[in-house]
Each structure stands twice: as structure tokens, then as C-alpha cells.
Amino acid sequence: MGTIHLFRKPQRSFFGKLLQEFRLVAADRRSWKILLFGAINLTCTGFLLMWCNSTNSIALTAYTYLTIFDLFSLVTCLISYWVMMRKPSPAYSFGFERLEVLAVFASTVLAQLGALFILKESAERFLEQPEIHTGRLLVGTFVALSFNLFTMLSIRNKPFAYVSEAASTSWLQEHVADLSRSLCGIIPGLSSIFLPRMNPFVLIDLAGAFALCITYMLIEINNYFAVDTASAIAIALMTFGTMYPMSVYSGKVLLQTTPPHVIGQLDKLIREVSTLDGVLEVRNEHFWTLGFGSLAGSVHVRIRRDANEQMVLAHVTNRLYTLVSTLTVQIFKDDWIRPALLSGPVAANVLNFSDHHHIIPMPPLKGTDESNPVTSTPAKHSSPPPEFSFNTPGKNVSPVILLNTQTRPYGLGLNHGHTPYSSMLNQGHGVPGIGATQGFRTGFTNIPSRYGTNNRIGQPRP
């Protein structure tokens with residue numbers, strides 16, 4: 001039998017957790033208005049779908065999809081309120097701001113899918129145009145227009161308000177802006193309403209209602225049923241063109257990209273941070289959009305050994321906090337560290353010289369008991385300690401031998417083939433102008449010309 005847990009908490013289902021979070025949002029009085037408009041939206045959408053079926057109008061169906069989009073926007077507004085109530089958790093250290101970004105992206109993409117469905121149905125209707133009944137067409141148009149405008153102007157939807165201003169303008173907004181400039185030139189008082197650009201949701205509601213009114217008049221006058229299909233295509237194209245820039249902007253936020261309009265400001269702040277007292281280098285900087293209007297970032301700062309870490313951290317955070325709300329700063333000091341040295345005996349055949357490999361030939365090293373482990377020279381008990389024998393990571397470690405992988409220059413009067421190691425030192429090969437006192441640069445200094453003797457190149461330093 002397994003272990004019996006007497007006081008184990010029961011696991012809630014997904015719908016149980018969803019109901020709990022809904023109760024949390026419903027407890028706020030600000031959400032009561034949204035819930036009321038949501039109930040009215042469902043009622044209006046039901047009536048509009050019935051009128052679309054009775055009139056057989058696909059243009060009214062395309063306009064009804066805007067009412068369904070209003071329902072999605074209300075759900076997004078509820079999610080925004082829930083995000084403000086929730087605090088970051090260990091599992092979601094950055095909070096839940098990306099959830100409202102995902103809600104905006106899903107709403108705009110679904111609206112575009114509905115527009116594509118309308119385009120497909122309209123293409124089929126061009127082959128066989130059905131009869132359109134105008135009994136409820138005009139009534140449904142005004143009901144949908146009134147509810148859409150009342151919803152957009154009564155409820156402040158923070159996510160969609162930010163996206164509509166931050167995203168690029170749609171082609172419908174650009175054409176209306178051109179007409180508005182001409183109109184405001186005649187009547188300057190309208191500039192506060194039409195300029196710089198209108199609300200895209202209000203604009204598409206007005207444009208769709210205008211197209212349905214033209215459809216109603218042409219069908220009533222001339223029984224021209226094909227205009228209903230043309231109006232449906234126009235409404236679908238306007239819907240797609242309005243939602244596409246918003247879905248692109250929210251998609252870039254989900255992909256953790258840096259907004260283009262803040263790149264110049266971030267570069268300026270990074271240059272200011274690099275000039276702070278004690279800062280040597282700023283590297284590995286990465287900034288991305290966490291949510292609508294909030295940036296997150298991380299940066300590595302290398303400082304001097306004598307600099308105060310807390311003071312530098314406070315100055316860096318103070319400079320970057322004006323743009324980056326969630327910032328992670330990694331500070332490390334500029335410590336001089338010896339590179340890791342190889343340990344263990346060196347094989348005798350490692351340094352065999354060959355023209356194909358260009359490796360410096362050296363005789364096999366003797367045991368570590370006869371040479372100093374730091375300078376690889378014969379030990380002298382009466383001599384002072386070697387130059388680099390202070391307490392460093394490289395002390396009492398077997399020497400490393402650096403291999404020469406560069407191709408020997410031909411045509412300079414140098415000998416080729418198997419050249420003895422002592423002659424290589426006497427030539428000063430590798431650094432022009434250096435004689436036998438410098439020798440060939442290897443992993444250690446003051447290398448003896450012969451191992452097992454006390455003959456050294458140059459004089460040992462005290």
C-alpha cells in the first residue's frame with residue numbers, strides 16, 4: 001500500500017480554478033460594467049445572427065462579426081483587470097502582463113479569420129447571387145452600430161487603446177486622414193476630432209454602417225442584389241486592414257523584440273552607463289517588451305577592482321529605470337586571473353618537429369624534482385625565489401608548453417628542416433629585433449639552453 005496523506009489538499013480541476021479567478025475579478029466593481037456590456041453583447045449578437053439568416057445578407061453578417069469582436073475586446077478588458085490584481089509568483093517571475101498581449105493577439109487574429117471567411121463566402125455568391133430581403137437589414141445595421149459605438153466610447157479598454165496608438169496606421173486611417181486634412185482646412189474646428197488620426201474601431205464601425213446603408217438603398221431602388229456581396233467584401237477588407245497592424249505589433253511583443261522607437265533611447269542610456277565612475281565595460285545587454293508599455297532587460301557590467309559594487313549598481317539601475325521597468329544587472333569586478341595551466345607529465349614525443357605541423361622541437365623534460373615547477377629551470381636552493389613565485393593560481397603547477405601553429409616564412413634566410421632548439425633561441429625567431437636575450441616565447445621564461453646544467457640565457461633577475 002502507498003503512503004496515506006491525511007491532510008493533503010484536494011486538487012482542483014481546470015474549470016474550478018477558472019471559476020475561482022472569475023470570482024476574484026467579479027469582486028471588483030469596475031468589472032461589473034464590463035459584465036453588463038458582455039451580457040448585452042450576447043443578446044444583440046443573437047438577434048443580429050437571426051436577422052442575418054432572415055435577410056440572407058452576407059454584408060450584415062460581416063458587420064455582425066464586428067459585434068463579436070467587441071465581445072472579445074470585453075474579455076480582454078477583464079483579463080487586464082485580472083492581471084492588475086495578480087502579483088508575480090515564483091513560477092511567473094515577470095507577472096502575467098503577457099496574458100493580455102496574448103488576448104489582444106488572439107482577438108485580432110480571430111477577426112482576420114472571420115474576414116477571410118466572409119471573402120470566401122462572397123466569392124461563392126458571385127457565381128450564384130441569392131435574393132436579399134431588406135426587411136430587417138436597416139434595423140440590424142443601426143442596432144449593431146449603436147451598440148458598437150456605445151461599447152467603444154463607454155468602456156476604457158486599456159490594452160486595445162495602447163495597441164491602436166502604438167501600432168502602425170491602417171490604409172483606411174491613412175485615406176481618412178487625407179480627407180480630414182482637406183476638411184479641416186475648410187473647418188478648422190474639426191481638427192481635434194479627425195486629426196491626427198481617428199480611432200480605428202470607431203472608423204470601421206462608421207464605414208461598415210455606411211456601406212450597409214448604400215446596400216439597402218440600391219436594393220430597394222433597383223433590386224441590385226450583387227451590391228450586398230460587394231459591401232461584404234468591402235467590410236471584410238476594412239476589417240482585415242484594421243486588425244492586421246495590431247496583430248503584427250502584439251505578435252512582436254510576444255516574440256520579445258525591442259520596440260523600434262526606444263532603440264535610440266536605450267543606446268543613449270547605455271553610453272551614459274559606460275561613462276559612470278568605476279565602469280569599464282557594458283556588454284551582453286538585452287532588452288525586450290514584457291507587456292504593453294513595460295520593458296524588461298538584463299545587462300552585464302564590468303567594473304574596476306577598487307569600485308563599490310553597490311554604488312555602481314544603484315547608479316546603473318537609476319539610469320536605466322526610466323525606460324526599463326524590470327531590470328537585471330550582473331556586476332563583476334575586473335580581477336586578474338591566471339589562465340588554467342596543464343598539469344601532469346609531458347610526453348617525450350609531443351614536441352616532434354615537422355614541416356607539416358610546424359611545432360617547435362624541444363627535448364624531453366626531466367622530472368619535476370630537478371626543476372622549478374614555475375620557471376622550469378634547475379632548482380637552486382641558495383638562489384632567491386623566482387619572479388612569479390608569489391601566491392597565484394599558477395604556483396606549483398607543471399608548466400604548459402605552447403605550440404607554434406603559424407607557418408614559417410620562407411625566403412627570409414631561415415633554415416628549414418630539423419632545427420635545434422638552441423639555434424632557434426639564438427635567432428630571436430618570432431619577434432624582430434630581439435636577440436638571444438629574449439629567446440623564443442613559450443609557456444615559461446628564462447629557458448635553459450640545455451637541461452641538466454646551470455647555463456641560462458641571460459642573467460636571472462633577483
# chains A, B, ... in the order shown; residues from 1 in each chain; ligands from 1
$ select_by_dssp --residues "region 131-242 of chain A" --states "alpha helix (DSSP H)" --output "PyMOL selection string"
chain A and resi 137-154+158-166+171-186+191-194+200-222+226-242
$ closest_residue --among "A:His133, A:Ile118, A:Thr326, A:His300" --to "Glu220 (chain A)" --atoms "only C-alpha atoms"
A:His133
$ closest_atom_pairs --of "region 90-154 of chain A" --to "region 246-257 of chain A" --cutoff "12 Å" --atoms "only C-alpha atoms" --output "CSV"
residue,atom,partner,partner_atom,distance
A:Glu97,CA,A:Leu254,CA,10.7
A:Arg98,CA,A:Leu254,CA,7.2
A:Leu99,CA,A:Leu254,CA,9.6
A:Glu100,CA,A:Ser250,CA,9.7
A:Val101,CA,A:Ser250,CA,6.0
A:Leu102,CA,A:Leu254,CA,7.3
A:Ala103,CA,A:Ser250,CA,9.3
A:Val104,CA,A:Ser250,CA,6.9
A:Phe105,CA,A:Ser247,CA,5.2
A:Ala106,CA,A:Ser247,CA,8.1
A:Ser107,CA,A:Ser247,CA,8.5
A:Thr108,CA,A:Ser247,CA,5.7
A:Val109,CA,A:Ser247,CA,6.4
A:Leu110,CA,A:Ser247,CA,10.0
A:Ala111,CA,A:Ser247,CA,10.0
A:Gln112,CA,A:Ser247,CA,9.3
A:Leu113,CA,A:Ser247,CA,11.9
$ write_last_selection --atoms "N, CA and C atoms" --output "PDB file, in the first residue's frame"
ATOM      1  N   GLU A  97       1.587  39.974 -17.349  1.00  0.00           N
ATOM      2  CA  GLU A  97       1.290  41.023 -18.324  1.00  0.00           C
ATOM      3  C   GLU A  97       1.217  40.490 -19.758  1.00  0.00           C
ATOM      4  N   ARG A  98       1.929  39.429 -20.019  1.00  0.00           N
ATOM      5  CA  ARG A  98       1.917  38.884 -21.386  1.00  0.00           C
ATOM      6  C   ARG A  98       0.593  38.205 -21.719  1.00  0.00           C
ATOM      7  N   LEU A  99      -0.224  37.941 -20.696  1.00  0.00           N
ATOM      8  CA  LEU A  99      -1.517  37.306 -20.960  1.00  0.00           C
ATOM      9  C   LEU A  99      -2.449  38.257 -21.685  1.00  0.00           C
ATOM     10  N   GLU A 100      -2.447  39.541 -21.326  1.00  0.00           N
ATOM     11  CA  GLU A 100      -3.286  40.495 -22.043  1.00  0.00           C
ATOM     12  C   GLU A 100      -2.750  40.746 -23.449  1.00  0.00           C
ATOM     13  N   VAL A 101      -1.430  40.633 -23.641  1.00  0.00           N
ATOM     14  CA  VAL A 101      -0.876  40.725 -25.001  1.00  0.00           C
ATOM     15  C   VAL A 101      -1.374  39.557 -25.845  1.00  0.00           C
ATOM     16  N   LEU A 102      -1.383  38.374 -25.245  1.00  0.00           N
ATOM     17  CA  LEU A 102      -1.884  37.199 -25.956  1.00  0.00           C
ATOM     18  C   LEU A 102      -3.369  37.337 -26.263  1.00  0.00           C
ATOM     19  N   ALA A 103      -4.141  37.959 -25.365  1.00  0.00           N
ATOM     20  CA  ALA A 103      -5.572  38.148 -25.611  1.00  0.00           C
ATOM     21  C   ALA A 103      -5.805  39.104 -26.779  1.00  0.00           C
ATOM     22  N   VAL A 104      -5.030  40.179 -26.850  1.00  0.00           N
ATOM     23  CA  VAL A 104      -5.159  41.114 -27.975  1.00  0.00           C
ATOM     24  C   VAL A 104      -4.769  40.433 -29.283  1.00  0.00           C
ATOM     25  N   PHE A 105      -3.693  39.666 -29.261  1.00  0.00           N
ATOM     26  CA  PHE A 105      -3.259  38.973 -30.477  1.00  0.00           C
ATOM     27  C   PHE A 105      -4.318  37.974 -30.945  1.00  0.00           C
ATOM     28  N   ALA A 106      -4.884  37.203 -30.005  1.00  0.00           N
ATOM     29  CA  ALA A 106      -5.903  36.217 -30.372  1.00  0.00           C
ATOM     30  C   ALA A 106      -7.154  36.898 -30.916  1.00  0.00           C
ATOM     31  N   SER A 107      -7.567  38.028 -30.318  1.00  0.00           N
ATOM     32  CA  SER A 107      -8.778  38.723 -30.782  1.00  0.00           C
ATOM     33  C   SER A 107      -8.607  39.259 -32.193  1.00  0.00           C
ATOM     34  N   THR A 108      -7.473  39.891 -32.456  1.00  0.00           N
ATOM     35  CA  THR A 108      -7.254  40.445 -33.797  1.00  0.00           C
ATOM     36  C   THR A 108      -7.098  39.351 -34.854  1.00  0.00           C
ATOM     37  N   VAL A 109      -6.457  38.254 -34.493  1.00  0.00           N
ATOM     38  CA  VAL A 109      -6.300  37.158 -35.453  1.00  0.00           C
ATOM     39  C   VAL A 109      -7.654  36.517 -35.759  1.00  0.00           C
ATOM     40  N   LEU A 110      -8.493  36.338 -34.744  1.00  0.00           N
ATOM     41  CA  LEU A 110      -9.825  35.776 -34.989  1.00  0.00           C
ATOM     42  C   LEU A 110     -10.672  36.702 -35.855  1.00  0.00           C
ATOM     43  N   ALA A 111     -10.526  38.008 -35.663  1.00  0.00           N
ATOM     44  CA  ALA A 111     -11.252  38.952 -36.523  1.00  0.00           C
ATOM     45  C   ALA A 111     -10.781  38.842 -37.972  1.00  0.00           C
ATOM     46  N   GLN A 112      -9.488  38.656 -38.173  1.00  0.00           N
ATOM     47  CA  GLN A 112      -8.982  38.489 -39.539  1.00  0.00           C
ATOM     48  C   GLN A 112      -9.442  37.168 -40.146  1.00  0.00           C
ATOM     49  N   LEU A 113      -9.523  36.116 -39.344  1.00  0.00           N
ATOM     50  CA  LEU A 113     -10.044  34.846 -39.863  1.00  0.00           C
ATOM     51  C   LEU A 113     -11.510  34.977 -40.263  1.00  0.00           C
TER      52      LEU A 113
END
$ atom_distance --atom1 "CA of Val329 (chain A)" --atom2 "CA of Phe96 (chain A)"
22.0 Å
$ closest_residue --among "A:Phe210, A:Phe117, A:Tyr321, A:Trp51" --to "Ser294 (chain A)" --atoms "only C-alpha atoms"
A:Tyr321
$ closest_residue --among "A:Cys77, A:Val262, A:Leu183, A:Gly208" --to "Trp32 (chain A)" --atoms "only C-alpha atoms"
A:Cys77
$ closest_residue --among "A:Arg136, A:Lys158, A:Leu66, A:Ser54" --to "Tyr81 (chain A)" --atoms "only C-alpha atoms"
A:Lys158
$ residues_around --residues "Leu203 (chain A)" --least-positions-apart "6" --cutoff "9 Å" --atoms "only C-alpha atoms" --output "JSON, numbers by chain"
{"A": [172, 173, 176]}
$ write_last_selection --atoms "all heavy atoms" --output "short mmCIF file (atom, residue, chain, number, x, y, z; two decimals), in the first residue's frame"
data_model
loop_
_atom_site.label_atom_id
_atom_site.label_comp_id
_atom_site.auth_asym_id
_atom_site.auth_seq_id
_atom_site.Cartn_x
_atom_site.Cartn_y
_atom_site.Cartn_z
N LEU A 172 -7.05 52.35 -44.18
CA LEU A 172 -8.30 53.09 -44.02
C LEU A 172 -8.05 54.38 -43.23
O LEU A 172 -8.58 55.45 -43.58
CB LEU A 172 -9.33 52.22 -43.31
CG LEU A 172 -10.70 52.83 -43.09
CD1 LEU A 172 -11.35 53.17 -44.43
CD2 LEU A 172 -11.59 51.89 -42.29
N GLN A 173 -7.24 54.30 -42.19
CA GLN A 173 -6.91 55.50 -41.41
C GLN A 173 -6.13 56.52 -42.25
O GLN A 173 -6.35 57.73 -42.12
CB GLN A 173 -6.09 55.12 -40.18
CG GLN A 173 -6.89 54.46 -39.08
CD GLN A 173 -6.03 54.08 -37.91
OE1 GLN A 173 -5.14 53.23 -38.01
NE2 GLN A 173 -6.27 54.70 -36.77
N VAL A 176 -8.59 58.27 -44.66
CA VAL A 176 -9.47 59.17 -43.93
C VAL A 176 -8.69 60.38 -43.41
O VAL A 176 -9.22 61.50 -43.36
CB VAL A 176 -10.16 58.41 -42.78
CG1 VAL A 176 -10.94 59.36 -41.88
CG2 VAL A 176 -11.10 57.35 -43.35
#
$ closest_atom_pairs --of "region 115-222 of chain A" --to "region 22-30 of chain A" --cutoff "12 Å" --atoms "only C-alpha atoms" --output "JSON lines"
{"residue": "A:Ile155", "atom": "CA", "partner": "A:Arg30", "partner_atom": "CA", "distance": 10.0}
{"residue": "A:Arg156", "atom": "CA", "partner": "A:Arg30", "partner_atom": "CA", "distance": 10.7}
{"residue": "A:Asn157", "atom": "CA", "partner": "A:Arg30", "partner_atom": "CA", "distance": 11.8}
$ write_last_selection --atoms "all heavy atoms" --output "PDB file, in the first residue's frame"
ATOM      1  N   ILE A 155     -16.504  52.166 -22.319  1.00  0.00           N
ATOM      2  CA  ILE A 155     -15.545  51.354 -21.560  1.00  0.00           C
ATOM      3  C   ILE A 155     -14.150  51.674 -22.057  1.00  0.00           C
ATOM      4  O   ILE A 155     -13.866  51.612 -23.268  1.00  0.00           O
ATOM      5  CB  ILE A 155     -15.846  49.850 -21.722  1.00  0.00           C
ATOM      6  CG1 ILE A 155     -17.214  49.536 -21.109  1.00  0.00           C
ATOM      7  CG2 ILE A 155     -14.760  49.016 -21.070  1.00  0.00           C
ATOM      8  CD1 ILE A 155     -17.603  48.092 -21.209  1.00  0.00           C
ATOM      9  N   ARG A 156     -13.288  51.994 -21.125  1.00  0.00           N
ATOM     10  CA  ARG A 156     -11.893  52.275 -21.462  1.00  0.00           C
ATOM     11  C   ARG A 156     -11.122  50.958 -21.485  1.00  0.00           C
ATOM     12  O   ARG A 156     -10.811  50.389 -20.436  1.00  0.00           O
ATOM     13  CB  ARG A 156     -11.273  53.243 -20.455  1.00  0.00           C
ATOM     14  CG  ARG A 156      -9.855  53.666 -20.805  1.00  0.00           C
ATOM     15  CD  ARG A 156      -9.336  54.666 -19.804  1.00  0.00           C
ATOM     16  NE  ARG A 156      -7.974  55.065 -20.129  1.00  0.00           N
ATOM     17  CZ  ARG A 156      -6.886  54.417 -19.737  1.00  0.00           C
ATOM     18  NH1 ARG A 156      -7.011  53.324 -18.994  1.00  0.00           N
ATOM     19  NH2 ARG A 156      -5.688  54.846 -20.077  1.00  0.00           N
ATOM     20  N   ASN A 157     -10.862  50.496 -22.673  1.00  0.00           N
ATOM     21  CA  ASN A 157     -10.134  49.243 -22.849  1.00  0.00           C
ATOM     22  C   ASN A 157      -8.641  49.568 -22.965  1.00  0.00           C
ATOM     23  O   ASN A 157      -8.162  49.993 -24.025  1.00  0.00           O
ATOM     24  CB  ASN A 157     -10.629  48.514 -24.105  1.00  0.00           C
ATOM     25  CG  ASN A 157     -10.235  47.058 -24.118  1.00  0.00           C
ATOM     26  OD1 ASN A 157      -9.196  46.685 -23.587  1.00  0.00           O
ATOM     27  ND2 ASN A 157     -11.075  46.227 -24.720  1.00  0.00           N
TER      28      ASN A 157
END
$ select_by_dssp --residues "region 114-356 of chain A" --states "strand (DSSP E)" --output "ChimeraX atom specification"
/A:279-291,294-303,326-333
$ closest_residue --among "A:Ser13, A:Gln265, A:Ser274, A:Thr258" --to "Trp288 (chain A)" --atoms "only C-alpha atoms"
A:Thr258
$ atom_distance --atom1 "CA of Ala234 (chain A)" --atom2 "CA of Leu119 (chain A)"
9.2 Å
$ atom_distance --atom1 "CA of Ala232 (chain A)" --atom2 "CA of His175 (chain A)"
19.7 Å
$ residues_around --residues "Ala236 (chain A)" --least-positions-apart "2" --cutoff "12 Å" --atoms "only C-alpha atoms" --output "number ranges by chain"
A: 58-66, 111-122, 204-205, 207-208, 211, 229-234, 238-244
$ residues_around --residues "Val279 (chain A)" --least-positions-apart "5" --cutoff "7 Å" --atoms "only C-alpha atoms" --output "list of chain:residue names"
A:Ser274, A:Val301, A:Arg302, A:Ile303, A:Arg304
$ write_last_selection --atoms "all heavy atoms" --output "JSON list (two decimals), in the first residue's frame"
[["chain", "number", "residue", "atom", "x", "y", "z"],
["A", 274, "SER", "N", 28.11, 53.51, -19.47],
["A", 274, "SER", "CA", 29.51, 53.15, -19.68],
["A", 274, "SER", "C", 30.46, 54.26, -19.24],
["A", 274, "SER", "O", 31.66, 54.00, -19.05],
["A", 274, "SER", "CB", 29.75, 52.83, -21.16],
["A", 274, "SER", "OG", 29.46, 53.96, -21.98],
["A", 301, "VAL", "N", 27.80, 44.30, -16.35],
["A", 301, "VAL", "CA", 28.64, 45.48, -16.15],
["A", 301, "VAL", "C", 29.95, 45.03, -15.51],
["A", 301, "VAL", "O", 29.95, 44.42, -14.43],
["A", 301, "VAL", "CB", 27.95, 46.53, -15.27],
["A", 301, "VAL", "CG1", 28.85, 47.75, -15.08],
["A", 301, "VAL", "CG2", 26.62, 46.94, -15.87],
["A", 302, "ARG", "N", 31.07, 45.33, -16.16],
["A", 302, "ARG", "CA", 32.40, 45.03, -15.62],
["A", 302, "ARG", "C", 32.97, 46.31, -15.02],
["A", 302, "ARG", "O", 33.02, 47.34, -15.68],
["A", 302, "ARG", "CB", 33.32, 44.50, -16.73],
["A", 302, "ARG", "CG", 34.70, 44.06, -16.23],
["A", 302, "ARG", "CD", 35.42, 43.28, -17.33],
["A", 302, "ARG", "NE", 35.67, 44.11, -18.50],
["A", 302, "ARG", "CZ", 36.79, 44.81, -18.70],
["A", 302, "ARG", "NH1", 37.76, 44.78, -17.78],
["A", 302, "ARG", "NH2", 36.94, 45.51, -19.79],
["A", 303, "ILE", "N", 33.39, 46.23, -13.76],
["A", 303, "ILE", "CA", 33.85, 47.40, -13.03],
["A", 303, "ILE", "C", 35.28, 47.19, -12.57],
["A", 303, "ILE", "O", 35.83, 46.08, -12.65],
["A", 303, "ILE", "CB", 32.94, 47.70, -11.82],
["A", 303, "ILE", "CG1", 33.00, 46.54, -10.82],
["A", 303, "ILE", "CG2", 31.51, 47.95, -12.26],
["A", 303, "ILE", "CD1", 32.21, 46.79, -9.55],
["A", 304, "ARG", "N", 35.91, 48.26, -12.07],
["A", 304, "ARG", "CA", 37.27, 48.18, -11.55],
["A", 304, "ARG", "C", 37.31, 47.39, -10.26],
["A", 304, "ARG", "O", 36.29, 47.21, -9.58],
["A", 304, "ARG", "CB", 37.83, 49.59, -11.30],
["A", 304, "ARG", "CG", 38.02, 50.43, -12.53],
["A", 304, "ARG", "CD", 38.97, 51.59, -12.23],
["A", 304, "ARG", "NE", 38.58, 52.28, -11.01],
["A", 304, "ARG", "CZ", 37.83, 53.38, -10.98],
["A", 304, "ARG", "NH1", 37.40, 53.90, -12.12],
["A", 304, "ARG", "NH2", 37.52, 53.96, -9.84]]
$ residues_around --residues "Leu313 (chain A)" --least-positions-apart "3" --cutoff "8 Å" --atoms "only C-alpha atoms" --output "NGL selection string"
:A and (309-310 or 316-317 or 329 or 331)
